[in-house]
Structure formats: structure tokens, C-alpha cells
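Chemist: The file below is query-v4.txt, compact mmCIF, C-alpha atoms (C1' of nucleotides):
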```
# COMPACT_ATOMS: atom_id res chain seq x y z
CA MET U 1 -56.78 2.47 6.87
CA PRO U 2 -59.65 2.44 9.36
CA ARG U 3 -62.40 4.60 7.95
CA LYS U 4 -63.89 6.84 10.59
CA THR U 5 -67.60 7.40 10.82
CA ASP U 6 -68.00 9.44 7.73
CA LYS U 7 -71.60 8.33 7.54
CA ARG U 8 -72.94 11.73 8.27
CA GLU U 9 -70.95 13.18 5.42
CA ARG U 10 -71.91 10.36 3.12
CA LEU U 11 -75.55 11.04 3.89
CA ILE U 12 -75.19 14.72 3.17
CA GLU U 13 -73.35 14.06 -0.06
CA ALA U 14 -75.98 11.57 -1.19
CA ALA U 15 -78.80 13.91 -0.25
CA LYS U 16 -77.11 16.78 -2.03
CA ASN U 17 -76.91 14.90 -5.28
CA LEU U 18 -80.32 13.30 -5.09
CA ILE U 19 -82.04 16.53 -4.18
CA HIS U 20 -80.41 18.22 -7.11
CA LYS U 21 -81.56 15.45 -9.44
CA GLN U 22 -85.02 14.81 -8.09
CA GLY U 23 -85.87 17.86 -6.07
CA PHE U 24 -86.45 17.92 -2.33
CA ASN U 25 -90.03 16.69 -2.24
CA LEU U 26 -89.49 13.65 -4.41
CA THR U 27 -86.33 12.56 -2.68
CA THR U 28 -87.09 10.04 0.06
CA LEU U 29 -85.01 9.17 3.07
CA ALA U 30 -84.89 5.64 1.71
CA ASP U 31 -83.30 7.00 -1.48
CA ILE U 32 -80.71 8.86 0.50
CA ALA U 33 -79.97 5.96 2.82
CA GLN U 34 -79.50 3.60 -0.10
CA GLU U 35 -77.27 5.99 -2.04
CA ALA U 36 -75.13 6.55 1.04
CA GLU U 37 -75.13 2.85 1.85
CA VAL U 38 -76.50 3.47 5.29
CA PRO U 39 -79.44 1.50 6.70
CA LEU U 40 -82.59 3.55 6.78
CA GLY U 41 -83.06 3.35 10.52
CA ASN U 42 -79.55 4.59 11.10
CA VAL U 43 -80.21 7.82 9.26
CA TYR U 44 -82.14 9.10 12.24
CA TYR U 45 -79.11 8.84 14.44
CA TYR U 46 -77.55 11.62 12.39
CA PHE U 47 -80.62 13.63 11.43
CA LYS U 48 -83.79 13.96 13.41
CA THR U 49 -85.95 14.82 10.41
CA LYS U 50 -85.87 15.03 6.66
CA GLU U 51 -85.95 18.77 7.03
CA SER U 52 -82.73 18.72 9.02
CA ILE U 53 -81.06 16.84 6.17
CA GLY U 54 -82.27 19.52 3.83
CA GLU U 55 -80.81 22.08 6.17
CA ALA U 56 -77.43 20.36 6.12
CA VAL U 57 -77.51 20.13 2.33
CA ILE U 58 -78.28 23.81 1.95
CA LYS U 59 -75.51 24.63 4.38
CA GLU U 60 -73.13 22.61 2.22
CA ARG U 61 -74.32 24.41 -0.87
CA GLY U 62 -73.63 27.60 1.01
CA THR U 63 -70.03 26.75 1.81
CA ASP U 64 -69.50 25.56 -1.76
CA LEU U 65 -70.80 28.88 -3.01
CA GLU U 66 -68.76 30.88 -0.55
CA THR U 67 -65.64 29.00 -1.55
CA ARG U 68 -66.21 29.87 -5.18
CA LEU U 69 -66.97 33.51 -4.53
CA LYS U 70 -63.91 33.92 -2.32
CA LEU U 71 -61.78 32.25 -4.95
CA TRP U 72 -63.00 34.53 -7.70
CA GLU U 73 -62.56 37.48 -5.40
CA GLU U 74 -58.82 36.95 -5.66
CA ILE U 75 -58.79 37.66 -9.37
CA PRO U 76 -57.22 41.10 -9.80
CA ASP U 77 -59.33 42.29 -12.70
CA VAL U 78 -62.84 42.95 -11.51
CA LYS U 79 -64.51 42.31 -14.82
CA ALA U 80 -62.67 39.01 -15.02
CA ARG U 81 -64.31 38.08 -11.72
CA LEU U 82 -67.75 38.59 -13.12
CA LYS U 83 -66.79 36.66 -16.20
CA LYS U 84 -65.68 33.81 -13.97
CA TYR U 85 -69.13 33.73 -12.48
CA ILE U 86 -70.54 33.45 -15.98
CA ASP U 87 -67.96 30.89 -17.08
CA TYR U 88 -68.91 28.72 -14.18
CA SER U 89 -72.34 28.33 -15.70
CA ILE U 90 -70.71 27.01 -18.85
CA GLU U 91 -68.76 24.43 -16.92
CA GLU U 92 -71.96 23.26 -15.33
CA ALA U 93 -74.03 23.39 -18.50
CA ASP U 94 -74.48 19.64 -18.85
CA GLN U 95 -75.56 19.23 -15.27
CA THR U 96 -77.87 22.18 -15.60
CA ALA U 97 -79.51 20.74 -18.68
CA ARG U 98 -80.24 17.59 -16.78
CA TYR U 99 -81.10 18.81 -13.32
CA GLY U 100 -81.36 22.57 -13.39
CA CYS U 101 -79.62 24.98 -11.06
CA SER U 102 -78.87 23.43 -7.69
CA ILE U 103 -79.75 26.66 -5.93
CA GLY U 104 -82.43 28.12 -8.18
CA GLY U 105 -84.30 24.86 -8.27
CA LEU U 106 -84.53 24.75 -4.51
CA CYS U 107 -85.56 28.39 -4.36
CA GLN U 108 -88.44 27.58 -6.64
CA GLU U 109 -89.45 24.40 -4.87
CA LEU U 110 -89.04 25.49 -1.28
CA GLY U 111 -90.24 29.02 -1.89
CA LYS U 112 -93.80 27.76 -2.10
CA LYS U 113 -93.69 26.05 1.25
CA GLY U 114 -92.08 28.87 3.16
CA GLY U 115 -90.37 28.05 6.45
CA PRO U 116 -86.71 27.99 7.50
CA LEU U 117 -85.47 25.94 4.56
CA SER U 118 -86.99 28.39 2.14
CA ASP U 119 -85.24 31.28 3.84
CA ALA U 120 -81.96 29.41 3.89
CA VAL U 121 -81.83 28.83 0.13
CA ALA U 122 -83.06 32.31 -0.60
CA LYS U 123 -80.06 33.55 1.34
CA LEU U 124 -77.73 31.74 -1.05
CA LEU U 125 -79.19 33.55 -3.99
CA ASN U 126 -78.96 36.74 -2.02
CA ASP U 127 -75.28 36.11 -1.32
CA THR U 128 -74.69 35.73 -5.02
CA LEU U 129 -76.55 38.93 -5.65
CA GLU U 130 -74.52 40.82 -3.08
CA TRP U 131 -71.28 39.48 -4.40
CA CYS U 132 -72.10 40.69 -7.89
CA GLU U 133 -73.22 44.00 -6.51
CA GLY U 134 -69.86 44.35 -4.80
CA GLN U 135 -68.08 43.77 -8.07
CA PHE U 136 -70.11 46.34 -9.92
CA ARG U 137 -69.43 48.79 -7.14
CA SER U 138 -65.74 48.14 -7.56
CA LEU U 139 -66.20 48.98 -11.19
CA GLY U 140 -67.35 52.41 -10.19
CA TYR U 141 -71.07 51.98 -10.36
CA GLY U 142 -72.60 53.50 -7.25
CA GLN U 143 -76.33 53.35 -6.88
CA LYS U 144 -76.64 51.31 -10.04
CA ALA U 145 -74.55 48.43 -8.79
CA ASN U 146 -77.56 46.92 -7.11
CA GLU U 147 -79.61 47.02 -10.26
CA LEU U 148 -76.83 45.64 -12.40
CA ALA U 149 -76.36 42.73 -10.04
CA LEU U 150 -80.06 42.01 -10.22
CA ASN U 151 -79.88 42.10 -14.01
CA LEU U 152 -76.98 39.70 -14.16
CA VAL U 153 -78.15 37.15 -11.63
CA SER U 154 -81.62 37.28 -13.05
CA ALA U 155 -80.29 36.65 -16.54
CA VAL U 156 -78.20 33.74 -15.32
CA GLN U 157 -81.12 32.15 -13.49
CA GLY U 158 -83.39 32.56 -16.49
CA MET U 159 -80.74 30.96 -18.63
CA TYR U 160 -80.58 28.05 -16.21
CA LEU U 161 -84.31 27.57 -16.32
CA LEU U 162 -84.47 27.50 -20.11
CA THR U 163 -81.46 25.22 -20.30
CA HIS U 164 -83.14 22.80 -17.93
CA THR U 165 -86.56 23.08 -19.52
CA PHE U 166 -85.28 22.30 -23.00
CA LYS U 167 -82.52 20.04 -21.74
CA ASP U 168 -80.11 21.79 -24.00
CA PRO U 169 -76.69 22.82 -22.63
CA GLN U 170 -76.15 24.96 -25.71
CA ILE U 171 -78.67 27.43 -24.42
CA THR U 172 -76.26 28.11 -21.60
CA THR U 173 -73.33 28.27 -23.99
CA ARG U 174 -75.03 30.82 -26.18
CA GLN U 175 -76.43 32.96 -23.43
CA ALA U 176 -73.26 32.90 -21.38
CA ARG U 177 -71.31 34.20 -24.36
CA ASN U 178 -73.79 37.02 -24.57
CA LEU U 179 -73.53 37.88 -20.90
CA ARG U 180 -69.78 37.77 -21.09
CA GLY U 181 -69.92 40.34 -23.85
CA LEU U 182 -72.04 42.57 -21.69
CA VAL U 183 -69.56 42.54 -18.86
CA ASP U 184 -66.80 43.30 -21.28
CA GLN U 185 -68.64 46.31 -22.61
CA ALA U 186 -69.33 47.63 -19.14
CA GLU U 187 -67.07 50.23 -17.56
CA THR U 188 -66.93 52.76 -20.38
CA SER U 189 -70.53 53.80 -20.17
CA SER U 190 -73.66 52.69 -18.44
CA LYS U 191 -74.35 50.15 -21.09
CA LEU U 192 -74.49 47.41 -18.57
CA ALA U 193 -77.51 49.09 -17.14
CA THR U 194 -79.35 47.63 -20.04
CA ALA U 195 -78.26 44.09 -19.28
CA MET N 196 -130.99 27.91 -13.99
CA PRO N 197 -130.08 24.23 -13.74
CA ARG N 198 -126.34 24.04 -13.52
CA LYS N 199 -124.95 21.33 -15.76
CA THR N 200 -122.13 19.09 -14.62
CA ASP N 201 -119.45 21.66 -14.39
CA LYS N 202 -117.64 19.44 -11.97
CA ARG N 203 -114.93 18.63 -14.39
CA GLU N 204 -114.26 22.29 -14.93
CA ARG N 205 -114.39 23.01 -11.23
CA LEU N 206 -111.81 20.31 -10.67
CA ILE N 207 -109.51 21.72 -13.31
CA GLU N 208 -109.87 25.21 -11.96
CA ALA N 209 -109.15 24.07 -8.43
CA ALA N 210 -106.17 22.01 -9.57
CA LYS N 211 -104.86 24.92 -11.60
CA ASN N 212 -104.83 27.24 -8.62
CA LEU N 213 -103.56 24.73 -6.10
CA ILE N 214 -100.78 23.52 -8.37
CA HIS N 215 -99.68 27.09 -8.90
CA LYS N 216 -99.65 27.72 -5.17
CA GLN N 217 -98.22 24.46 -3.93
CA GLY N 218 -96.59 22.88 -6.92
CA PHE N 219 -97.67 19.64 -8.55
CA ASN N 220 -96.02 17.18 -6.21
CA LEU N 221 -97.36 18.69 -3.02
CA THR N 222 -100.89 19.07 -4.28
CA THR N 223 -103.00 16.06 -3.36
CA LEU N 224 -106.16 14.85 -4.99
CA ALA N 225 -107.85 15.38 -1.65
CA ASP N 226 -106.80 19.04 -1.80
CA ILE N 227 -108.23 19.41 -5.25
CA ALA N 228 -111.44 17.57 -4.43
CA GLN N 229 -112.03 19.71 -1.37
CA GLU N 230 -111.31 22.98 -3.18
CA ALA N 231 -113.67 22.00 -5.97
CA GLU N 232 -116.27 20.74 -3.50
CA VAL N 233 -116.32 17.35 -5.11
CA PRO N 234 -116.11 14.14 -3.08
CA LEU N 235 -112.73 12.49 -3.43
CA GLY N 236 -114.05 9.27 -4.92
CA ASN N 237 -115.90 11.17 -7.57
CA VAL N 238 -112.75 12.74 -8.92
CA TYR N 239 -111.87 9.49 -10.57
CA TYR N 240 -114.97 9.59 -12.66
CA TYR N 241 -113.52 12.60 -14.45
CA PHE N 242 -109.83 11.82 -14.31
CA LYS N 243 -108.26 8.40 -14.27
CA THR N 244 -105.04 9.54 -12.62
CA LYS N 245 -103.45 12.53 -10.97
CA GLU N 246 -101.27 12.85 -14.01
CA SER N 247 -104.31 13.27 -16.24
CA ILE N 248 -105.43 16.16 -14.06
CA GLY N 249 -102.03 17.71 -14.50
CA GLU N 250 -102.41 17.22 -18.21
CA ALA N 251 -105.74 19.05 -18.21
CA VAL N 252 -104.30 21.89 -16.15
CA ILE N 253 -101.38 22.34 -18.49
CA LYS N 254 -103.74 22.30 -21.44
CA GLU N 255 -105.72 25.07 -19.77
CA ARG N 256 -102.55 27.04 -19.18
CA GLY N 257 -101.85 26.55 -22.84
CA THR N 258 -105.14 27.98 -24.02
CA ASP N 259 -104.78 30.88 -21.58
CA LEU N 260 -101.37 31.60 -23.02
CA GLU N 261 -102.53 31.28 -26.58
CA THR N 262 -105.40 33.65 -25.91
CA ARG N 263 -103.01 36.26 -24.59
CA LEU N 264 -100.53 35.88 -27.42
CA LYS N 265 -103.25 36.11 -30.05
CA LEU N 266 -104.66 39.18 -28.35
CA TRP N 267 -101.31 40.92 -28.29
CA GLU N 268 -100.75 39.91 -31.86
CA GLU N 269 -103.49 42.32 -32.84
CA ILE N 270 -101.59 45.32 -31.60
CA PRO N 271 -100.38 47.19 -34.70
CA ASP N 272 -97.04 48.34 -33.35
CA VAL N 273 -94.73 45.38 -33.02
CA LYS N 274 -92.65 46.83 -30.24
CA ALA N 275 -95.84 47.56 -28.34
CA ARG N 276 -96.64 43.84 -28.57
CA LEU N 277 -93.42 42.90 -26.87
CA LYS N 278 -93.99 45.56 -24.27
CA LYS N 279 -97.39 44.04 -23.59
CA TYR N 280 -95.70 40.77 -22.85
CA ILE N 281 -93.51 42.57 -20.35
CA ASP N 282 -96.36 44.57 -18.89
CA TYR N 283 -98.24 41.38 -18.24
CA SER N 284 -95.53 40.39 -15.80
CA ILE N 285 -96.16 43.61 -13.90
CA GLU N 286 -99.85 42.87 -13.64
CA GLU N 287 -99.02 39.48 -12.21
CA ALA N 288 -96.26 40.68 -9.92
CA ASP N 289 -98.10 40.06 -6.66
CA GLN N 290 -99.07 36.55 -7.65
CA THR N 291 -95.55 35.89 -8.85
CA ALA N 292 -94.08 37.04 -5.56
CA ARG N 293 -96.29 34.57 -3.76
CA TYR N 294 -96.35 31.59 -6.05
CA GLY N 295 -93.83 32.12 -8.81
CA CYS N 296 -94.49 31.79 -12.51
CA SER N 297 -97.31 29.37 -13.26
CA ILE N 298 -95.45 28.02 -16.26
CA GLY N 299 -91.82 28.38 -15.22
CA GLY N 300 -92.51 26.75 -11.88
CA LEU N 301 -93.93 23.68 -13.54
CA CYS N 302 -91.06 23.55 -16.02
CA GLN N 303 -88.68 23.41 -13.11
CA GLU N 304 -90.64 20.88 -11.11
CA LEU N 305 -91.72 18.55 -13.88
CA GLY N 306 -88.49 18.88 -15.83
CA LYS N 307 -86.75 16.65 -13.32
CA LYS N 308 -89.22 13.85 -13.68
CA GLY N 309 -89.37 13.83 -17.43
CA GLY N 310 -92.37 12.21 -19.10
CA PRO N 311 -95.32 13.61 -21.04
CA LEU N 312 -96.22 16.28 -18.52
CA SER N 313 -92.72 17.64 -18.63
CA ASP N 314 -92.84 17.89 -22.39
CA ALA N 315 -96.23 19.54 -22.29
CA VAL N 316 -95.14 22.43 -20.05
CA ALA N 317 -91.89 22.83 -21.90
CA LYS N 318 -93.97 23.37 -25.01
CA LEU N 319 -95.69 26.34 -23.38
CA LEU N 320 -92.40 28.02 -22.76
CA ASN N 321 -91.40 27.18 -26.29
CA ASP N 322 -94.59 28.78 -27.63
CA THR N 323 -93.72 31.94 -25.76
CA LEU N 324 -90.25 31.82 -27.19
CA GLU N 325 -91.51 31.38 -30.72
CA TRP N 326 -94.01 34.17 -30.35
CA CYS N 327 -91.28 36.56 -29.27
CA GLU N 328 -89.06 35.35 -32.04
CA GLY N 329 -91.82 36.14 -34.51
CA GLN N 330 -92.07 39.67 -33.18
CA PHE N 331 -88.36 40.27 -33.48
CA ARG N 332 -88.46 38.95 -36.99
CA SER N 333 -91.21 41.42 -37.78
CA LEU N 334 -88.89 44.10 -36.47
CA GLY N 335 -86.43 43.18 -39.15
CA TYR N 336 -84.10 40.96 -37.23
CA GLY N 337 -83.37 37.90 -39.29
CA GLN N 338 -81.09 35.28 -37.84
CA LYS N 339 -80.85 37.22 -34.60
CA ALA N 340 -84.55 37.04 -33.83
CA ASN N 341 -84.10 33.67 -32.27
CA GLU N 342 -81.36 34.86 -29.97
CA LEU N 343 -83.23 37.99 -29.00
CA ALA N 344 -86.28 35.96 -28.07
CA LEU N 345 -84.13 33.72 -25.91
CA ASN N 346 -82.66 36.77 -24.22
CA LEU N 347 -86.02 38.26 -23.47
CA VAL N 348 -87.83 35.16 -22.25
CA SER N 349 -84.80 34.18 -20.25
CA ALA N 350 -84.69 37.58 -18.61
CA VAL N 351 -88.38 37.43 -17.79
CA GLN N 352 -88.11 33.96 -16.28
CA GLY N 353 -85.10 34.96 -14.21
CA MET N 354 -87.01 37.97 -13.00
CA TYR N 355 -89.87 35.69 -11.98
CA LEU N 356 -87.58 33.43 -10.05
CA LEU N 357 -85.99 36.25 -8.09
CA THR N 358 -89.36 37.85 -7.45
CA HIS N 359 -90.64 34.58 -6.05
CA THR N 360 -87.50 33.78 -4.10
CA PHE N 361 -87.44 37.11 -2.32
CA LYS N 362 -91.20 37.44 -2.32
CA ASP N 363 -90.86 40.99 -3.54
CA PRO N 364 -93.12 42.16 -6.38
CA GLN N 365 -90.94 45.24 -6.76
CA ILE N 366 -88.24 43.11 -8.28
CA THR N 367 -90.60 42.53 -11.16
CA THR N 368 -91.53 46.19 -11.31
CA ARG N 369 -87.93 47.27 -11.54
CA GLN N 370 -86.79 44.64 -13.97
CA ALA N 371 -89.80 44.99 -16.19
CA ARG N 372 -89.12 48.69 -16.55
CA ASN N 373 -85.63 47.81 -17.64
CA LEU N 374 -86.76 45.27 -20.18
CA ARG N 375 -89.31 47.70 -21.53
CA GLY N 376 -86.53 50.16 -22.13
CA LEU N 377 -84.59 47.55 -24.03
CA VAL N 378 -87.44 46.88 -26.39
CA ASP N 379 -87.85 50.59 -26.91
CA GLN N 380 -84.24 50.97 -27.88
CA ALA N 381 -84.35 48.08 -30.30
CA GLU N 382 -84.91 48.66 -33.98
CA THR N 383 -82.31 51.33 -34.65
CA SER N 384 -79.31 49.14 -34.10
CA SER N 385 -78.53 45.72 -32.78
CA LYS N 386 -78.55 46.96 -29.24
CA LEU N 387 -81.18 44.49 -28.28
CA ALA N 388 -78.71 41.78 -29.07
CA THR N 389 -77.09 42.66 -25.79
CA ALA N 390 -80.27 42.22 -23.81
C1' DG B 391 -73.40 3.64 17.54
C1' DT B 392 -75.83 0.34 14.56
C1' DC B 393 -79.63 -1.85 12.37
C1' DT B 394 -84.20 -4.66 12.03
C1' DA B 395 -88.75 -4.41 12.65
C1' DT B 396 -92.52 -1.72 12.96
C1' DA B 397 -95.71 2.16 14.11
C1' DT B 398 -98.22 5.87 12.00
C1' DA B 399 -99.93 8.71 8.53
C1' DC B 400 -101.45 9.63 4.25
C1' DA B 401 -101.05 9.37 -0.66
C1' DG B 402 -103.22 7.51 -5.13
C1' DA B 403 -106.49 4.55 -6.60
C1' DT B 404 -110.63 1.07 -6.57
C1' DA B 405 -115.10 -1.37 -5.25
C1' DG B 406 -119.44 -1.27 -5.23
C1' DA B 407 -123.91 0.52 -3.16
C1' DC B 408 -126.99 4.04 -4.52
C1' DG K 409 -123.27 9.88 -12.41
C1' DT K 410 -122.44 10.09 -7.47
C1' DC K 411 -120.28 9.06 -3.16
C1' DT K 412 -118.71 6.10 1.03
C1' DA K 413 -115.73 2.90 2.44
C1' DT K 414 -111.63 0.86 1.69
C1' DC K 415 -107.47 -1.31 -0.52
C1' DT K 416 -102.63 -0.81 -1.30
C1' DG K 417 -98.40 1.23 -1.38
C1' DT K 418 -95.09 4.01 0.56
C1' DA K 419 -93.28 7.95 3.25
C1' DT K 420 -91.54 9.73 7.71
C1' DA K 421 -90.42 8.43 11.94
C1' DT K 422 -89.80 5.36 16.29
C1' DA K 423 -88.78 1.23 19.33
C1' DG K 424 -85.78 -1.45 20.98
C1' DA K 425 -82.48 -5.48 20.38
C1' DC K 426 -77.67 -5.74 19.64
```
Mind turning this structure into C-alpha cells?
Modeler:
Amino acid sequence: MPRKTDKRERLIEAAKNLIHKQGFNLTTLADIAQEAEVPLGNVYYYFKTKESIGEAVIKERGTDLETRLKLWEEIPDVKARLKKYIDYSIEEADQTARYGCSIGGLCQELGKKGGPLSDAVAKLLNDTLEWCEGQFRSLGYGQKANELALNLVSAVQGMYLLTHTFKDPQITTRQARNLRGLVDQAETSSKLATA
Amino acid sequence: MPRKTDKRERLIEAAKNLIHKQGFNLTTLADIAQEAEVPLGNVYYYFKTKESIGEAVIKERGTDLETRLKLWEEIPDVKARLKKYIDYSIEEADQTARYGCSIGGLCQELGKKGGPLSDAVAKLLNDTLEWCEGQFRSLGYGQKANELALNLVSAVQGMYLLTHTFKDPQITTRQARNLRGLVDQAETSSKLATA
DNA sequence: GTCTATATACAGATAGAC
DNA sequence: GTCTATCTGTATATAGAC
């Protein structure tokens, strides 16, 4: 079974994990090369700069996210879709406690530097926001859908931050249960507006 | 008016601002020295390591926070105290849009490295949490006070992250108004439990 | 396409004159 | 206490043999 040159993919995968664990700034090309079992000098055949690796990683995160959102989109019950989004945070709780949110963390870190990478990650959070907004609109909320989406995503990101800060997955468990309840209560009135 | 050696304080002040703007990892001692108008070599007379500067900065952030919390504590109406906490985020909205939360950002960044600095910033967030919990307890919430505090601080931190990510102070304005409303509605029932 | 050796830049930290 | 010059390590990136 002759393995094709999957080096590029190995490098992206390694970078993806390391950047999540250590952050972008603290992750060196040497780290990535070692993790991917690729000689350092060879890295530059696939990526001109460290920034371009970051770009590839964010792109990967983007397709991962899109895959999830599209998958959840197929759930018939709209509220169940939103609850899937919340449940996902529970599945990831241990990882979050250790390394934080793979998207939110980058938004925070890269947001200070500005530049193309910063915009690219911000877009991922924006995609999430828009997806949620779409769901709330399907639930019948018109103008308010935007605000509700902001409330939900904001709550989830805050939950991630606290979970990471205190390295306690249970914070996610508790908060996610809460958020789930909110989605459940939605529909009938504008109670979700207070989420 | 012979100015005493306020160099140490100038260094801390410079570091405090630069770390907020650029993050800890990207802020160099040369940056700090220049901003404080202190020769690079002289920095080491006041601080043995970069980490010890970080320690001093976090300590400063801690006293700033404590000052605020103690000040708000003097407000007679308990709900007004919590609303002060929320209003503070509005005052800082422009800064937040540019540089993020001065505490939350460090929690995120230092949380991945672990170590004493990480614990020190985490404590600041924990102090905030405990302060809020105390307020909710004063409002008559017993067991639930802890959860309500988590909800509120989490919501505020999420709001900060989105504000920073999209560099839009209005996100804070909108969300803060929402959170204010939640605090207002509290008391009567357990509605705040769904915050 | 691959990999070793190395250039270049700059970070944190120190030595030692003043 | 102060500051210049510098050491040392390490990061990104390149050169060039294979």
C-alpha cells in the first residue's frame, strides 16, 4: 500500500492540533514538523510561511464547521437543531477544559494582530452566528432572530472561556443544560429573547 | 518636585497596556522598556524575568478589580450593584472592541500554558464570579446563586469575545441592555435562572 | 520532491563600566 | 541605581546538495 504524499495533510493536521493546544503564537514550525514527522526544511515546500499554515488550518476548521452545520440542518425539528449545537459543546467539554474553544481561542489571539488570519477566523464565528440566526428565523422570530443568535453564541463562547479558565468540563455540562432548557422554552413566547 | 524612582510603576503601567493590546506572548521586554522610557537593560533591575512583570501586571489588574467591586458593594440596592457590573462593560466597549477583555484575554492566552500566571488570572475571574454570587445570595437565591453568577459572568465574557472578534462596540451595547433587563426581572421568580 | 545545513532576526537575559 | 554592550537561545526562513 504505497502511501501517497500526504505530507501536506499531515502538516495541516499536526498544526491544527498544536495550535489548538498551544495557540498560534507559541506553536513553532519545528513543533509542527516534528509532530507531522516531516523534516523542518521540507515544510517550506508545502507552505511558504507560518501564516500560510495558519490559513490552511483555519480553512480546515471552516470545512469542519460547515460539515457539522449542514449535518444538523438535516434534523427536521428546528429546536432539535439548536440543541444539537449545544450538545456538541458537551461532547467537546473535556477538550475545551484543556485547550479552550478551537475557534474562539483563535479569535481572541488573532484578533489583536489583525490581518487576513484574523478576518478568516472571525468569519467562522460569523458563520455560526448566521446559522443560529437562520434557525431562530425558522422558528418564527423575525427581527429578533439576529439578537437571539447573538445571545446563544455569546453564551456558548462565554461558557467555553470559563470552562477553559477553570479547567472544569462540568462548567460546560451545567451551562449547556441551562441553554438547552432555554431553547426548549422558546417558541411559545419571546422568552428566548432573555437568553 | 523631585520625582522619585517611579520607574517600576512606569514599567508596570506600560506592560499593563501593551499586554492588553498585544497579548502577553507578543509583548516584548523591548516594547515595554520603550513605552516606559526605560533602557532595556535597566528593566532587569526591577524585574528578574518577563514572567515577574506579568505577575505584577496581573496583581495590578487584581487591585483594579477589587477596587471596583468594593465600590459597587456600597450601592444600597443589590440589583443596582449587578447592573453596575454590566454598565461597566458598556463604558469599556470601545476598548473591548479593540483589545478584548483585559482579564478574559489573559485567561485564554495563559490558560494554555498553565503555571502560576495562569492561576493568577483565573483567580481574577473567580473573584468576579464570587462577587456576583454574593449579590445573588443577597437577593435571596440560595443554592442557585452560584449558577446565576456563572450565567452572568459567562454571558459577559461571551459578549466581550464577540465584541472583540467583530470589533464592534455595539455588540456590547446591545447585549448589555439585555443582561440589564435580566437582572431587573430577577427577584420575583426564578427567571434569572434562565439567563 | 526531499532534507541538511545555515542565514538572519530577534527574543530574554547577563556582564560589567559608570 | 543606571545603562551599553553583548551573550545565548531559538524562531522563521533560505540555499543548495541530493
Chemist: Which neighbours of range 281-295 of chain N fall inside 6 Å, counting all atoms listed in the file, when residues of the same chain fewer than 4 positions from it are skipped, and could you give them as a list in words?
Modeler: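 Contacts, in chain order: Lys216, Thr358, His359, Lys362, Asp363, Pro364 and Thr368 of chain N.
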Chemist: Return as JSON, numbers by chain the residues belonging to chain U that are within 8 Å of chain K, counting all atoms listed in the file.
Modeler: {"U": [28, 49, 50]}
Chemist: Could you dump the residues just selected with C-alpha atoms as a compact mmCIF listing (two decimals), in the coordinates of the input?
Modeler:
```txt
# COMPACT_ATOMS: atom_id res chain seq x y z
CA THR U 28 -87.09 10.04 0.06
CA THR U 49 -85.95 14.82 10.41
CA LYS U 50 -85.87 15.03 6.66
```
Chemist: So how far away is CA of Met354 in chain N from CA of Thr367 in chain N, in Å?
Modeler: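 Computing it gives 6.1 Å between the two atoms.
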Chemist: Could you tell me which residues of chain N sit within 7 Å of chain U when counting only C-alpha atoms, and give me the result as a list in words?
Modeler: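 On the chain N side, the interface is Lys216, Gln217, Tyr294, Gly300, Cys302, Gln303, Gly306, Lys307, Ala317, Ser349, Ala350, Gln352, Gly353, Met354, Leu356, Leu357, His359, Thr360, Phe361, Asn373, Leu377, Thr389 and Ala390 of chain N.
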Chemist: Would you tabulate, counting only C-alpha atoms (C1' of nucleotides), all residues of chain B that have an atom at most 12 Å from an atom of chain N, showing the closest pair of atoms and their distance in Å to one decimal, sorted by chain then ascending number, as CSV?
Modeler:
```
residue,atom,partner,partner_atom,distance
B:DC400,C1',N:Thr223,CA,10.1
B:DA401,C1',N:Thr223,CA,7.5
B:DG402,C1',N:Lys245,CA,7.7
B:DA403,C1',N:Thr244,CA,8.0
B:DT404,C1',N:Gly236,CA,9.0
B:DA405,C1',N:Gly236,CA,10.7
B:DG406,C1',N:Gly236,CA,11.8
```
Chemist: Separation of CA of Phe24 in chain U and CA of Gly54 in chain U, in Å?
Modeler: 7.6 Å
Chemist: Would you work out the distance separating CA of Arg68 in chain U from CA of Gly115 in chain U, expressed in Å to one decimal?
Modeler: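 Computing the Euclidean distance for CA of Arg68 in chain U and CA of Gly115 in chain U yields 26.9 Å.
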Chemist: Once 3 Å is added on each side, what centre and edge lengths in Å to one decimal does the axis-aligned box around all listed atoms of range 282-288 of chain N have, as AutoDock Vina command-line options?
Modeler:
```
--center_x -97.7 --center_y 42.0 --center_z -14.4 --size_x 10.3 --size_y 11.1 --size_z 15.0
```
Chemist: Show me as an MDAnalysis selection string the residues that reach within 10 Å of (-73.6, 43.7, -4.9), counting all atoms listed in the file and using the file's own coordinates.
Modeler: chainID U and resid 126:138 144:150
Chemist: Could you dump the residues just selected with C-alpha atoms as a short mmCIF file (atom, residue, chain, number, x, y, z; two decimals), in the coordinates of the input?
Modeler:
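To be explicit, this is the file written out as part11.cif:
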```cif
data_model
loop_
_atom_site.label_atom_id
_atom_site.label_comp_id
_atom_site.auth_asym_id
_atom_site.auth_seq_id
_atom_site.Cartn_x
_atom_site.Cartn_y
_atom_site.Cartn_z
CA ASN U 126 -78.96 36.74 -2.02
CA ASP U 127 -75.28 36.11 -1.32
CA THR U 128 -74.69 35.73 -5.02
CA LEU U 129 -76.55 38.93 -5.65
CA GLU U 130 -74.52 40.82 -3.08
CA TRP U 131 -71.28 39.48 -4.40
CA CYS U 132 -72.10 40.69 -7.89
CA GLU U 133 -73.22 44.00 -6.51
CA GLY U 134 -69.86 44.35 -4.80
CA GLN U 135 -68.08 43.77 -8.07
CA PHE U 136 -70.11 46.34 -9.92
CA ARG U 137 -69.43 48.79 -7.14
CA SER U 138 -65.74 48.14 -7.56
CA LYS U 144 -76.64 51.31 -10.04
CA ALA U 145 -74.55 48.43 -8.79
CA ASN U 146 -77.56 46.92 -7.11
CA GLU U 147 -79.61 47.02 -10.26
CA LEU U 148 -76.83 45.64 -12.40
CA ALA U 149 -76.36 42.73 -10.04
CA LEU U 150 -80.06 42.01 -10.22
#
```
Chemist: Please identify all polymer residues within 9 Å of Ala80 in chain U, counting only C-alpha atoms (C1' of nucleotides), omitting same-chain residues fewer than 5 positions from it, and present them as an MDAnalysis selection string.
Modeler: chainID U and resid 72 75 85 183:184
